[in-house]
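**Student:** Next up, my_file_2.txt (compact mmCIF, C-alpha atoms).
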# COMPACT_ATOMS: atom_id res chain seq x y z
CA MET A 14 168.61 126.12 -20.33
CA GLN A 15 169.45 129.83 -20.09
CA LYS A 16 169.04 132.01 -23.19
CA SER A 17 172.75 132.90 -23.28
CA GLU A 18 173.65 129.19 -23.13
CA LYS A 19 171.29 128.45 -26.03
CA LEU A 20 172.79 131.31 -28.03
CA LYS A 21 176.31 129.98 -27.36
CA LYS A 22 175.29 126.55 -28.62
CA ILE A 23 173.68 127.99 -31.78
CA LEU A 24 176.85 130.00 -32.42
CA ALA A 25 178.97 126.86 -31.91
CA ILE A 26 176.84 124.96 -34.47
CA ALA A 27 177.11 127.87 -36.91
CA ALA A 28 180.91 127.93 -36.46
CA ALA A 29 181.11 124.14 -37.04
CA LEU A 30 179.04 124.48 -40.23
CA ALA A 31 181.32 127.32 -41.41
CA VAL A 32 184.39 125.11 -40.83
CA TRP A 33 182.69 122.28 -42.79
CA GLN A 34 181.82 124.66 -45.64
CA ALA A 35 185.40 126.05 -45.71
CA ALA A 36 186.89 122.53 -45.71
CA ALA A 37 184.60 121.46 -48.58
CA MET A 38 185.53 124.57 -50.57
CA LEU A 39 189.23 123.99 -49.91
CA LEU A 40 189.08 120.33 -51.01
CA ASP A 41 186.75 121.17 -53.87
CA GLN A 42 185.94 117.48 -54.48
CA ASP A 43 182.35 116.44 -53.77
CA ILE A 44 183.38 112.80 -53.82
CA LEU A 45 185.45 113.36 -50.67
CA LEU A 46 183.52 116.03 -48.83
CA VAL A 47 180.16 117.55 -49.77
CA SER A 48 179.48 121.08 -48.59
CA PRO A 49 176.68 121.69 -46.08
CA LEU A 50 174.90 123.86 -48.66
CA LYS A 51 174.74 120.94 -51.10
CA VAL A 52 173.45 118.67 -48.32
CA VAL A 53 170.72 121.19 -47.52
CA SER A 54 169.84 121.39 -51.20
CA ARG A 55 169.64 117.57 -51.41
CA LEU A 56 167.52 117.47 -48.26
CA SER A 57 165.07 119.89 -49.86
CA THR A 58 164.41 117.38 -52.65
CA ILE A 59 164.92 113.98 -51.00
CA TRP A 60 161.68 114.12 -48.99
CA LYS A 61 159.66 114.47 -52.20
CA GLU A 62 160.98 111.18 -53.59
CA PRO A 63 158.59 108.19 -53.56
CA GLY A 64 159.15 105.86 -50.64
CA PHE A 65 160.92 108.47 -48.49
CA LEU A 66 158.55 108.20 -45.53
CA SER A 67 158.21 104.42 -45.80
CA THR A 68 162.03 104.15 -45.74
CA ILE A 69 162.21 106.18 -42.54
CA GLY A 70 159.23 104.28 -41.11
CA PHE A 71 160.87 100.93 -41.89
CA THR A 72 164.03 101.77 -39.95
CA LEU A 73 162.33 103.80 -37.21
CA TRP A 74 159.85 101.03 -36.39
CA ARG A 75 162.56 98.39 -36.11
CA ILE A 76 164.92 100.47 -34.00
CA ILE A 77 162.11 101.57 -31.66
CA ALA A 78 161.01 97.92 -31.34
CA GLY A 79 164.59 96.87 -30.51
CA PHE A 80 164.94 99.72 -28.02
CA PHE A 81 161.70 98.93 -26.18
CA LEU A 82 162.52 95.24 -26.11
CA GLY A 83 165.93 96.04 -24.61
CA PHE A 84 164.31 98.50 -22.18
CA VAL A 85 161.75 96.01 -20.88
CA VAL A 86 164.07 92.98 -20.75
CA GLY A 87 166.93 95.05 -19.24
CA CYS A 88 164.66 96.43 -16.50
CA LEU A 89 163.14 93.02 -15.71
CA LEU A 90 166.54 91.32 -15.52
CA ALA A 91 167.86 94.15 -13.30
CA VAL A 92 164.92 93.75 -10.91
CA LEU A 93 165.52 89.99 -10.77
CA ALA A 94 169.28 90.43 -10.31
CA SER A 95 168.73 92.96 -7.50
CA LYS A 96 166.57 90.41 -5.68
CA ILE A 97 168.53 87.24 -6.42
CA ARG A 98 172.33 87.57 -6.27
CA ILE A 99 172.94 84.35 -8.23
CA ILE A 100 171.07 85.80 -11.24
CA GLU A 101 173.35 88.84 -11.18
CA ILE A 102 176.41 86.56 -11.13
CA LEU A 103 175.04 84.34 -13.91
CA LEU A 104 174.17 87.33 -16.11
CA TRP A 105 177.53 89.04 -15.63
CA PRO A 106 179.46 87.18 -18.42
CA TYR A 107 176.65 87.79 -20.94
CA MET A 108 176.50 91.50 -20.20
CA VAL A 109 180.29 91.89 -20.33
CA THR A 110 180.40 89.97 -23.64
CA ILE A 111 177.64 92.05 -25.24
CA LYS A 112 179.38 95.24 -24.12
CA SER A 113 182.85 94.32 -25.31
CA VAL A 114 182.26 92.40 -28.57
CA PRO A 115 182.28 94.79 -31.58
CA VAL A 116 178.81 95.42 -32.96
CA ALA A 117 179.99 94.45 -36.48
CA SER A 118 180.86 90.95 -35.20
CA PHE A 119 177.39 90.56 -33.73
CA ILE A 120 175.78 91.75 -36.95
CA ILE A 121 177.69 89.22 -39.07
CA ILE A 122 177.08 86.36 -36.61
CA CYS A 123 173.37 87.17 -36.34
CA LEU A 124 172.99 87.33 -40.13
CA PHE A 125 173.36 83.54 -40.12
CA PHE A 126 170.32 83.17 -37.88
CA LEU A 127 168.10 86.14 -38.63
CA SER A 128 166.57 87.69 -41.74
CA SER A 129 168.05 91.03 -42.76
CA SER A 130 164.79 92.84 -41.91
CA THR A 131 164.73 91.61 -38.29
CA LEU A 132 168.47 92.01 -37.80
CA SER A 133 168.26 95.71 -36.83
CA VAL A 134 165.60 94.92 -34.20
CA PHE A 135 167.85 92.33 -32.57
CA ILE A 136 171.02 94.40 -32.81
CA SER A 137 169.29 97.48 -31.28
CA PHE A 138 167.94 95.23 -28.54
CA LEU A 139 171.40 93.82 -27.90
CA MET A 140 172.99 97.25 -27.59
CA VAL A 141 170.27 98.61 -25.28
CA LEU A 142 170.07 95.57 -22.99
CA PRO A 143 173.35 95.86 -21.01
CA ILE A 144 173.05 99.64 -20.63
CA LEU A 145 169.53 99.47 -19.20
CA TYR A 146 170.35 96.37 -17.13
CA GLN A 147 173.45 97.85 -15.50
CA ASN A 148 171.99 101.30 -14.85
CA VAL A 149 168.71 100.02 -13.45
CA LEU A 150 170.57 97.49 -11.28
CA GLN A 151 172.82 100.26 -9.97
CA GLY A 152 169.76 102.42 -9.29
CA LEU A 153 168.02 99.63 -7.42
CA LYS A 154 171.16 98.96 -5.38
CA SER A 155 171.41 102.65 -4.46
CA ALA A 156 167.93 102.61 -2.85
CA ASP A 157 167.95 104.23 0.59
CA PRO A 158 168.27 101.36 3.13
CA GLU A 159 166.59 103.49 5.80
CA LEU A 160 163.49 103.92 3.62
CA LEU A 161 163.49 100.19 2.85
CA GLU A 162 163.57 99.49 6.61
CA MET A 163 160.68 101.92 7.07
CA ALA A 164 158.75 100.04 4.35
CA GLN A 165 159.49 96.74 6.11
CA VAL A 166 158.27 98.07 9.48
CA PHE A 167 155.04 99.51 8.01
CA CYS A 168 154.47 96.37 5.85
CA ILE A 169 154.22 98.46 2.68
CA PRO A 170 153.31 96.27 -0.32
CA TRP A 171 155.96 95.68 -3.01
CA THR A 172 154.16 97.75 -5.66
CA ARG A 173 154.05 100.83 -3.43
CA ARG A 174 157.66 100.28 -2.31
CA PHE A 175 158.64 100.30 -5.97
CA LEU A 176 156.66 103.45 -6.80
CA TYR A 177 157.58 105.51 -3.75
CA ILE A 178 161.06 104.32 -2.74
CA LEU A 179 162.76 102.67 -5.70
CA LEU A 180 161.45 104.63 -8.68
CA PRO A 181 162.63 108.07 -7.43
CA ARG A 182 166.11 106.55 -6.98
CA LEU A 183 165.94 104.99 -10.43
CA LYS A 184 165.02 108.26 -12.13
CA PRO A 185 168.53 109.66 -12.82
CA PHE A 186 169.87 106.21 -13.74
CA LEU A 187 166.96 105.52 -16.09
CA LEU A 188 167.13 108.93 -17.77
CA SER A 189 170.86 108.73 -18.45
CA ALA A 190 170.64 105.07 -19.55
CA CYS A 191 167.83 105.86 -22.01
CA SER A 192 169.70 108.84 -23.40
CA VAL A 193 172.83 106.75 -24.07
CA ALA A 194 170.91 103.65 -25.21
CA LEU A 195 168.73 105.55 -27.69
CA GLY A 196 171.74 107.02 -29.49
CA LEU A 197 173.48 103.65 -29.53
CA SER A 198 170.40 101.77 -30.76
CA TRP A 199 170.25 104.07 -33.80
CA LYS A 200 173.96 103.73 -34.57
CA ALA A 201 173.93 99.95 -34.21
CA GLY A 202 170.54 99.48 -35.90
CA VAL A 203 171.56 101.44 -39.00
CA ALA A 204 174.93 99.64 -39.07
CA ALA A 205 173.00 96.33 -39.07
CA GLU A 206 170.92 97.57 -42.01
CA VAL A 207 174.00 98.67 -43.95
CA ILE A 208 175.48 95.16 -43.57
CA GLY A 209 172.20 93.21 -43.90
CA ILE A 210 170.77 95.54 -46.61
CA PRO A 211 167.04 94.91 -46.04
CA ASP A 212 164.89 96.32 -48.87
CA GLY A 213 163.41 99.77 -48.23
CA SER A 214 165.55 100.67 -45.21
CA ILE A 215 167.72 103.71 -44.48
CA GLY A 216 170.65 101.28 -44.32
CA GLU A 217 169.98 100.26 -47.91
CA MET A 218 169.97 103.93 -48.95
CA LEU A 219 173.34 104.46 -47.26
CA TYR A 220 174.71 101.33 -48.91
CA GLN A 221 173.56 102.45 -52.37
CA SER A 222 175.06 105.93 -51.82
CA LYS A 223 178.37 104.23 -51.07
CA ILE A 224 178.15 101.94 -54.16
CA TYR A 225 177.31 104.82 -56.52
CA LEU A 226 179.61 107.27 -54.71
CA ASP A 227 176.61 109.56 -54.25
CA MET A 228 177.97 111.69 -51.41
CA ASP A 229 175.05 114.14 -51.44
CA ASP A 230 172.68 111.27 -50.66
CA LEU A 231 175.04 109.76 -48.10
CA PHE A 232 175.27 113.02 -46.16
CA ALA A 233 171.55 113.79 -46.57
CA TRP A 234 170.53 110.37 -45.21
CA THR A 235 173.06 110.75 -42.37
CA VAL A 236 171.49 114.09 -41.44
CA ILE A 237 168.03 112.44 -41.56
CA ILE A 238 169.25 109.63 -39.23
CA VAL A 239 170.69 112.17 -36.78
CA LEU A 240 167.53 114.31 -36.80
CA THR A 241 165.18 111.33 -36.39
CA SER A 242 167.33 109.85 -33.64
CA VAL A 243 167.56 113.16 -31.74
CA ALA A 244 163.81 113.81 -32.18
CA PHE A 245 162.91 110.35 -30.84
CA GLU A 246 165.38 110.66 -27.96
CA LYS A 247 163.98 114.09 -26.95
CA LEU A 248 160.41 112.81 -27.20
CA PHE A 249 161.09 109.67 -25.18
CA ILE A 250 163.02 111.53 -22.44
CA PHE A 251 160.24 114.17 -22.32
CA VAL A 252 157.57 111.47 -21.86
CA LEU A 253 159.70 109.70 -19.24
CA LYS A 254 160.23 112.96 -17.28
CA LYS A 255 156.49 113.74 -17.47
CA ALA A 256 155.70 110.24 -16.18
CA PHE A 257 158.07 110.75 -13.23
CA ALA A 258 156.61 114.22 -12.53
CA TRP A 259 153.08 112.74 -12.58
CA LEU A 260 154.11 110.03 -10.15
CA GLU A 261 155.76 112.51 -7.80
CA LYS A 262 152.68 114.77 -7.78
CA ARG A 263 150.34 111.94 -6.80
CA MET B 16 149.48 91.51 26.64
CA ASP B 17 152.55 93.07 28.25
CA ILE B 18 155.80 92.99 26.34
CA GLN B 19 158.47 91.16 28.33
CA ILE B 20 162.14 91.46 27.49
CA ILE B 21 164.28 88.86 29.20
CA ASN B 22 168.10 88.83 29.37
CA LEU B 23 168.68 90.44 25.98
CA ASN B 24 172.25 90.53 24.69
CA LYS B 25 173.52 92.29 21.59
CA SER B 26 177.06 93.02 20.45
CA PHE B 27 178.45 94.81 17.41
CA GLY B 28 181.87 93.23 16.93
CA GLU B 29 183.75 93.63 20.19
CA LYS B 30 181.32 96.20 21.57
CA GLN B 31 178.50 94.87 23.71
CA VAL B 32 175.57 97.28 23.60
CA LEU B 33 172.98 95.23 25.46
CA HIS B 34 174.01 93.03 28.36
CA GLN B 35 171.41 90.83 30.04
CA PHE B 36 168.84 93.57 29.55
CA SER B 37 165.38 92.86 30.94
CA ALA B 38 162.30 95.07 31.02
CA CYS B 39 158.52 95.02 30.84
CA PHE B 40 156.36 97.35 28.77
CA PRO B 41 152.81 97.10 30.17
CA HIS B 42 150.00 96.71 27.65
CA GLY B 43 148.18 99.94 26.80
CA HIS B 44 150.63 102.03 28.82
CA SER B 45 153.27 104.53 27.90
CA SER B 46 156.87 103.63 28.77
CA CYS B 47 159.94 105.73 28.41
CA VAL B 48 163.45 104.34 27.90
CA MET B 49 166.22 106.63 29.11
CA GLY B 50 169.95 106.33 29.28
CA GLN B 51 173.25 107.76 28.16
CA SER B 52 174.14 107.98 24.48
CA GLY B 53 175.40 104.64 23.16
CA CYS B 54 173.78 102.57 25.91
CA GLY B 55 171.70 100.64 23.35
CA LYS B 56 168.31 102.43 23.37
CA THR B 57 168.03 102.61 19.56
CA THR B 58 169.39 99.05 19.23
CA LEU B 59 166.65 97.88 21.59
CA LEU B 60 163.98 99.56 19.44
CA HIS B 61 165.55 98.08 16.29
CA ILE B 62 165.42 94.60 17.84
CA LEU B 63 161.75 95.12 18.74
CA LEU B 64 161.09 96.29 15.16
CA GLY B 65 162.82 93.21 13.74
CA LEU B 66 165.54 95.30 12.06
CA GLU B 67 168.28 93.79 14.26
CA HIS B 68 168.58 90.34 15.77
CA ALA B 69 169.53 89.87 19.41
CA ASP B 70 172.48 87.57 20.11
CA SER B 71 170.52 85.94 22.91
CA GLY B 72 167.55 86.58 25.15
CA GLU B 73 163.82 86.45 24.75
CA ILE B 74 160.99 88.82 23.87
CA ILE B 75 157.47 87.79 24.80
CA GLY B 76 154.20 89.40 23.72
CA LEU B 77 155.51 91.32 20.72
CA PRO B 78 152.64 92.04 18.29
CA LYS B 79 153.03 91.47 14.53
CA ARG B 80 152.19 95.04 13.58
CA ILE B 81 154.40 97.72 15.10
CA SER B 82 154.41 101.42 14.29
CA ALA B 83 157.49 103.59 14.66
CA VAL B 84 159.11 106.98 14.52
CA PHE B 85 162.77 106.43 13.71
CA GLN B 86 165.65 108.61 14.83
CA GLU B 87 165.60 109.98 11.25
CA ASP B 88 162.33 111.13 9.64
CA ARG B 89 162.48 108.49 6.86
CA LEU B 90 159.92 110.21 4.63
CA CYS B 91 159.97 109.67 0.86
CA PRO B 92 161.57 112.89 -0.42
CA PRO B 93 159.98 113.81 -3.76
CA PHE B 94 156.43 113.00 -2.65
CA SER B 95 153.81 115.11 -0.92
CA VAL B 96 152.78 114.76 2.73
CA TYR B 97 149.52 113.20 1.46
CA ALA B 98 151.41 110.57 -0.57
CA ASN B 99 153.71 109.80 2.38
CA LEU B 100 150.76 109.25 4.70
CA GLN B 101 148.79 107.26 2.15
CA LEU B 102 151.85 105.08 1.61
CA ILE B 103 151.25 103.46 5.01
CA THR B 104 147.46 103.74 5.31
CA GLY B 105 146.59 102.61 1.79
CA LYS B 106 142.95 103.12 0.79
CA ARG B 107 141.96 103.35 4.48
CA GLY B 108 143.37 106.89 4.66
CA SER B 109 141.47 109.87 3.30
CA ARG B 110 142.35 113.54 2.82
CA GLU B 111 139.89 114.48 5.57
CA MET B 112 141.47 112.01 7.99
CA PHE B 113 144.97 113.27 7.23
CA ARG B 114 143.88 116.91 7.48
CA ALA B 115 142.37 116.27 10.94
CA HIS B 116 145.63 114.76 12.18
CA LEU B 117 147.76 117.50 10.62
CA SER B 118 145.58 120.32 11.96
CA ALA B 119 146.08 118.98 15.49
CA LEU B 120 149.76 119.82 14.98
CA GLY B 121 149.22 123.05 13.02
CA LEU B 122 150.26 121.45 9.75
CA ASP B 123 146.95 121.41 7.84
CA GLU B 124 148.36 123.62 5.08
CA CYS B 125 151.12 121.11 4.35
CA LEU B 126 149.05 118.23 2.99
CA ASP B 127 149.94 118.75 -0.66
CA LEU B 128 153.49 120.05 -0.18
CA PRO B 129 156.47 117.84 -1.07
CA VAL B 130 158.11 116.67 2.17
CA ASN B 131 161.53 117.90 1.01
CA GLU B 132 160.16 121.48 1.04
CA LEU B 133 159.25 121.27 4.74
CA SER B 134 161.43 122.31 7.69
CA GLY B 135 163.09 119.71 9.92
CA GLY B 136 160.52 120.27 12.68
CA MET B 137 157.62 119.89 10.25
CA ARG B 138 159.07 116.66 8.82
CA ARG B 139 159.47 115.33 12.36
CA ARG B 140 155.82 115.97 13.11
CA ILE B 141 154.77 114.36 9.80
CA ALA B 142 156.76 111.26 10.82
CA ILE B 143 154.86 111.27 14.13
CA VAL B 144 151.50 111.62 12.34
CA ARG B 145 152.47 108.71 10.07
CA ALA B 146 153.24 106.55 13.12
CA MET B 147 149.94 107.43 14.77
CA LEU B 148 147.96 106.72 11.59
CA TYR B 149 149.39 103.22 11.29
CA ASP B 150 147.01 100.71 12.80
CA ALA B 151 149.32 98.88 15.23
CA PRO B 152 148.93 97.95 18.92
CA LEU B 153 152.55 98.94 19.67
CA ILE B 154 154.17 102.26 18.85
CA LEU B 155 157.93 102.79 19.20
CA LEU B 156 159.28 106.33 19.12
CA ASP B 157 163.02 107.08 18.97
CA GLU B 158 163.63 110.61 20.27
CA PRO B 159 160.39 111.76 18.62
CA PHE B 160 160.41 115.36 19.82
CA LYS B 161 164.03 116.10 18.93
CA GLY B 162 164.39 119.53 17.33
CA LEU B 163 160.95 120.85 18.33
CA ASP B 164 160.54 124.09 20.29
CA GLU B 165 158.84 123.92 23.71
CA THR B 166 155.35 125.00 22.56
CA THR B 167 155.34 122.67 19.55
CA LYS B 168 156.78 119.86 21.66
CA HIS B 169 153.92 120.09 24.18
CA LYS B 170 151.33 120.27 21.41
CA THR B 171 152.92 117.20 19.79
CA MET B 172 153.09 115.29 23.09
CA ASP B 173 149.36 116.01 23.64
CA TYR B 174 148.68 114.72 20.12
CA VAL B 175 150.67 111.53 20.79
CA GLN B 176 148.88 111.04 24.11
CA THR B 177 145.49 111.33 22.37
CA TYR B 178 146.18 109.05 19.41
CA ALA B 179 148.30 106.49 21.26
CA ALA B 180 145.60 105.97 23.90
CA ASN B 181 144.88 102.27 24.58
CA ARG B 182 147.97 101.30 22.59
CA THR B 183 151.35 100.35 24.04
CA LEU B 184 153.76 103.24 23.59
CA VAL B 185 157.53 102.97 24.07
CA PHE B 186 159.64 106.04 23.52
CA VAL B 187 163.28 106.90 23.88
CA THR B 188 164.35 110.31 25.12
CA HIS B 189 167.13 112.15 26.91
CA ASP B 190 164.75 114.83 28.16
CA PRO B 191 163.32 114.15 31.68
CA THR B 192 160.46 116.64 31.08
CA GLU B 193 159.26 114.57 28.09
CA ALA B 194 159.42 111.43 30.22
CA GLU B 195 157.52 113.10 33.06
CA TYR B 196 154.86 114.49 30.74
CA LEU B 197 154.16 111.43 28.63
CA ALA B 198 155.39 108.27 30.37
CA GLN B 199 153.64 106.12 32.93
CA HIS B 200 156.75 103.97 33.37
CA ILE B 201 160.39 104.96 33.07
CA ILE B 202 163.11 102.43 32.32
CA CYS B 203 166.72 103.47 32.78
CA MET B 204 169.35 101.56 30.81
Since I need it in another form, could you write the structure as structure tokens?

**Tutor:**
Amino acid sequence: MQKSEKLKKILAIAAALAVWQAAAMLLDQDILLVSPLKVVSRLSTIWKEPGFLSTIGFTLWRIIAGFFLGFVVGCLLAVLASKIRIIEILLWPYMVTIKSVPVASFIIICLFFLSSSTLSVFISFLMVLPILYQNVLQGLKSADPELLEMAQVFCIPWTRRFLYILLPRLKPFLLSACSVALGLSWKAGVAAEVIGIPDGSIGEMLYQSKIYLDMDDLFAWTVIIVLTSVAFEKLFIFVLKKAFAWLEKR
Amino acid sequence: MDIQIINLNKSFGEKQVLHQFSACFPHGHSSCVMGQSGCGKTTLLHILLGLEHADSGEIIGLPKRISAVFQEDRLCPPFSVYANLQLITGKRGSREMFRAHLSALGLDECLDLPVNELSGGMRRRIAIVRAMLYDAPLILLDEPFKGLDETTKHKTMDYVQTYAANRTLVFVTHDPTEAEYLAQHIICM
């Protein structure tokens, strides 16, 4: 990103924070809208509280587990569906249902079958699955037919076909799918925790903030969720890009 | 074993591209297929490669392994020349082997460059090197020297002649000088 572009984005964030601060001052009711300064002040103390890191770890571990499960299963199903048309047809109603049913409905239904601590894993998995499946399937379908013919003529083994012909095509689809799916897995995973209220989770903290009308905590935990989610997304996309770059340099 | 093509027919919808086509490509010799655009030369090569099916007719003596240069270069874009060559040779290919082939065509500096950074002429020659490196008794070339200047073309034809020796070579061209230089048999469609 160019320096001027970065500067513009920083200025935009500063302007948004100024609007937030002005709105909070205008309302002058912390119970409705806490000012960004108060959130920063709460953030400076919240990390010192006992159990802070374990709370983040609890939620982070479960959402990452759900994401990776969705990533692996979504990719495997897409590979199968790209090879066997009937699998694509059979999977279609499940994928459409997962995509269109509200996440809150899933959370409540799944609460009957799953413990509250495993609920966020399953809900994250469920949200990631159709995104990865559809993007990877689309990527596989967009593979250059001329290169596939070349591979057929030269009897190139399936593993090398995948690495050299399919994976470069998958790259943009995989990167955009992961970016969208990571954000969604956090939103849905935390929502599952707020409804399931497992002990020691970020969702429980949000729920308690709501019960006690502790808006400082609510906003502080929201900022922590956003920062953790963005940090994990950036890290994962960075690793994925490095992996692709390593493959291309081979 | 010679490759015999007997009464081959192929149509795409209403358009018949091959009509009762028969030919013989002698074993270990170089044959050139010539003809006007659209007369079915590429279709014939595609049928020999197993990429198209003939409507009727017979092909005798076709080996299982066939090497080819397509009308397009068909190289894997983000990867280096080395990776593209190793893709078809597997562990059998080494850097030294590739360098020897590339230097015969003046491309020895290109081994580690991504193929999408090479010129059209360079990519064409890499596709030819790839075809020569593939261990197959039959090599099919579809307008292999298209886009090469005269000096490079002759150098490349010499390279093909050297590395296709004792293998059956079938190539398609519109250029009579290429046919004269490289082919032992000419088949007009």

**Student:** Using all atoms listed in the file, which of the listed residues (B:Asn99, B:Thr104, B:Asn131, B:Gln51) sits closest to Asp190 (chain B)?

**Tutor:**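 Closest residue, counting all atoms listed in the file: B:Gln51.
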
**Student:** Check every residue of chain B for an atom within 8 Å of chain A, counting all atoms listed in the file, and provide those that qualify as a short mmCIF file (atom, residue, chain, number, x, y, z; two decimals) with C-alpha atoms, keeping the file's coordinate frame.

**Tutor:**
data_model
loop_
_atom_site.label_atom_id
_atom_site.label_comp_id
_atom_site.auth_asym_id
_atom_site.auth_seq_id
_atom_site.Cartn_x
_atom_site.Cartn_y
_atom_site.Cartn_z
CA LEU B 64 161.09 96.29 15.16
CA GLY B 65 162.82 93.21 13.74
CA LEU B 66 165.54 95.30 12.06
CA ARG B 80 152.19 95.04 13.58
CA ILE B 81 154.40 97.72 15.10
CA SER B 82 154.41 101.42 14.29
CA ALA B 83 157.49 103.59 14.66
CA ARG B 89 162.48 108.49 6.86
CA LEU B 90 159.92 110.21 4.63
CA CYS B 91 159.97 109.67 0.86
CA PRO B 93 159.98 113.81 -3.76
CA PHE B 94 156.43 113.00 -2.65
CA SER B 95 153.81 115.11 -0.92
CA ALA B 98 151.41 110.57 -0.57
CA LEU B 102 151.85 105.08 1.61
CA ILE B 103 151.25 103.46 5.01
CA TYR B 149 149.39 103.22 11.29
#

**Student:** Do a neighbour search on Ala233 (chain A) at 7 Å with all atoms listed in the file, toss out local chain neighbours closer than 5 positions, and write the hits as number ranges by chain.

**Tutor:** A: 52, 55-56

**Student:** Extract, using all atoms listed in the file, all DNA, RNA and protein residues at most 9 Å from region 63-78 of chain A, discarding same-chain residues fewer than 5 positions from it, and format them as an mmCIF file with C-alpha atoms, keeping the file's coordinate frame.

**Tutor:**
data_model
loop_
_atom_site.group_PDB
_atom_site.id
_atom_site.type_symbol
_atom_site.label_atom_id
_atom_site.label_comp_id
_atom_site.auth_asym_id
_atom_site.auth_seq_id
_atom_site.Cartn_x
_atom_site.Cartn_y
_atom_site.Cartn_z
ATOM 1 C CA GLY A 83 165.930 96.040 -24.610
ATOM 2 C CA SER A 130 164.790 92.840 -41.910
ATOM 3 C CA THR A 131 164.730 91.610 -38.290
ATOM 4 C CA LEU A 132 168.470 92.010 -37.800
ATOM 5 C CA SER A 133 168.260 95.710 -36.830
ATOM 6 C CA VAL A 134 165.600 94.920 -34.200
ATOM 7 C CA PHE A 135 167.850 92.330 -32.570
ATOM 8 C CA ILE A 136 171.020 94.400 -32.810
ATOM 9 C CA SER A 137 169.290 97.480 -31.280
ATOM 10 C CA PHE A 138 167.940 95.230 -28.540
ATOM 11 C CA LEU A 195 168.730 105.550 -27.690
ATOM 12 C CA SER A 198 170.400 101.770 -30.760
ATOM 13 C CA TRP A 199 170.250 104.070 -33.800
ATOM 14 C CA GLY A 202 170.540 99.480 -35.900
ATOM 15 C CA VAL A 203 171.560 101.440 -39.000
ATOM 16 C CA GLU A 206 170.920 97.570 -42.010
ATOM 17 C CA ASP A 212 164.890 96.320 -48.870
ATOM 18 C CA GLY A 213 163.410 99.770 -48.230
ATOM 19 C CA SER A 214 165.550 100.670 -45.210
ATOM 20 C CA ILE A 215 167.720 103.710 -44.480
ATOM 21 C CA GLY A 216 170.650 101.280 -44.320
ATOM 22 C CA MET A 218 169.970 103.930 -48.950
ATOM 23 C CA ILE A 237 168.030 112.440 -41.560
ATOM 24 C CA ILE A 238 169.250 109.630 -39.230
ATOM 25 C CA THR A 241 165.180 111.330 -36.390
ATOM 26 C CA SER A 242 167.330 109.850 -33.640
ATOM 27 C CA PHE A 245 162.910 110.350 -30.840
#

**Student:** Pull the neighbourhood of (156.5, 90.8, 17.5) for me: all residues within 10 Å in file coordinates, counting only C-alpha atoms, as a PyMOL selection string.

**Tutor:** chain B and resi 18+62-65+74-81+153

**Student:** What does the distance between CA of Gly209 (chain A) and CA of Ile120 (chain A) come to in Å, to one decimal place?

**Tutor:**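 These two atoms are separated by 8.0 Å.
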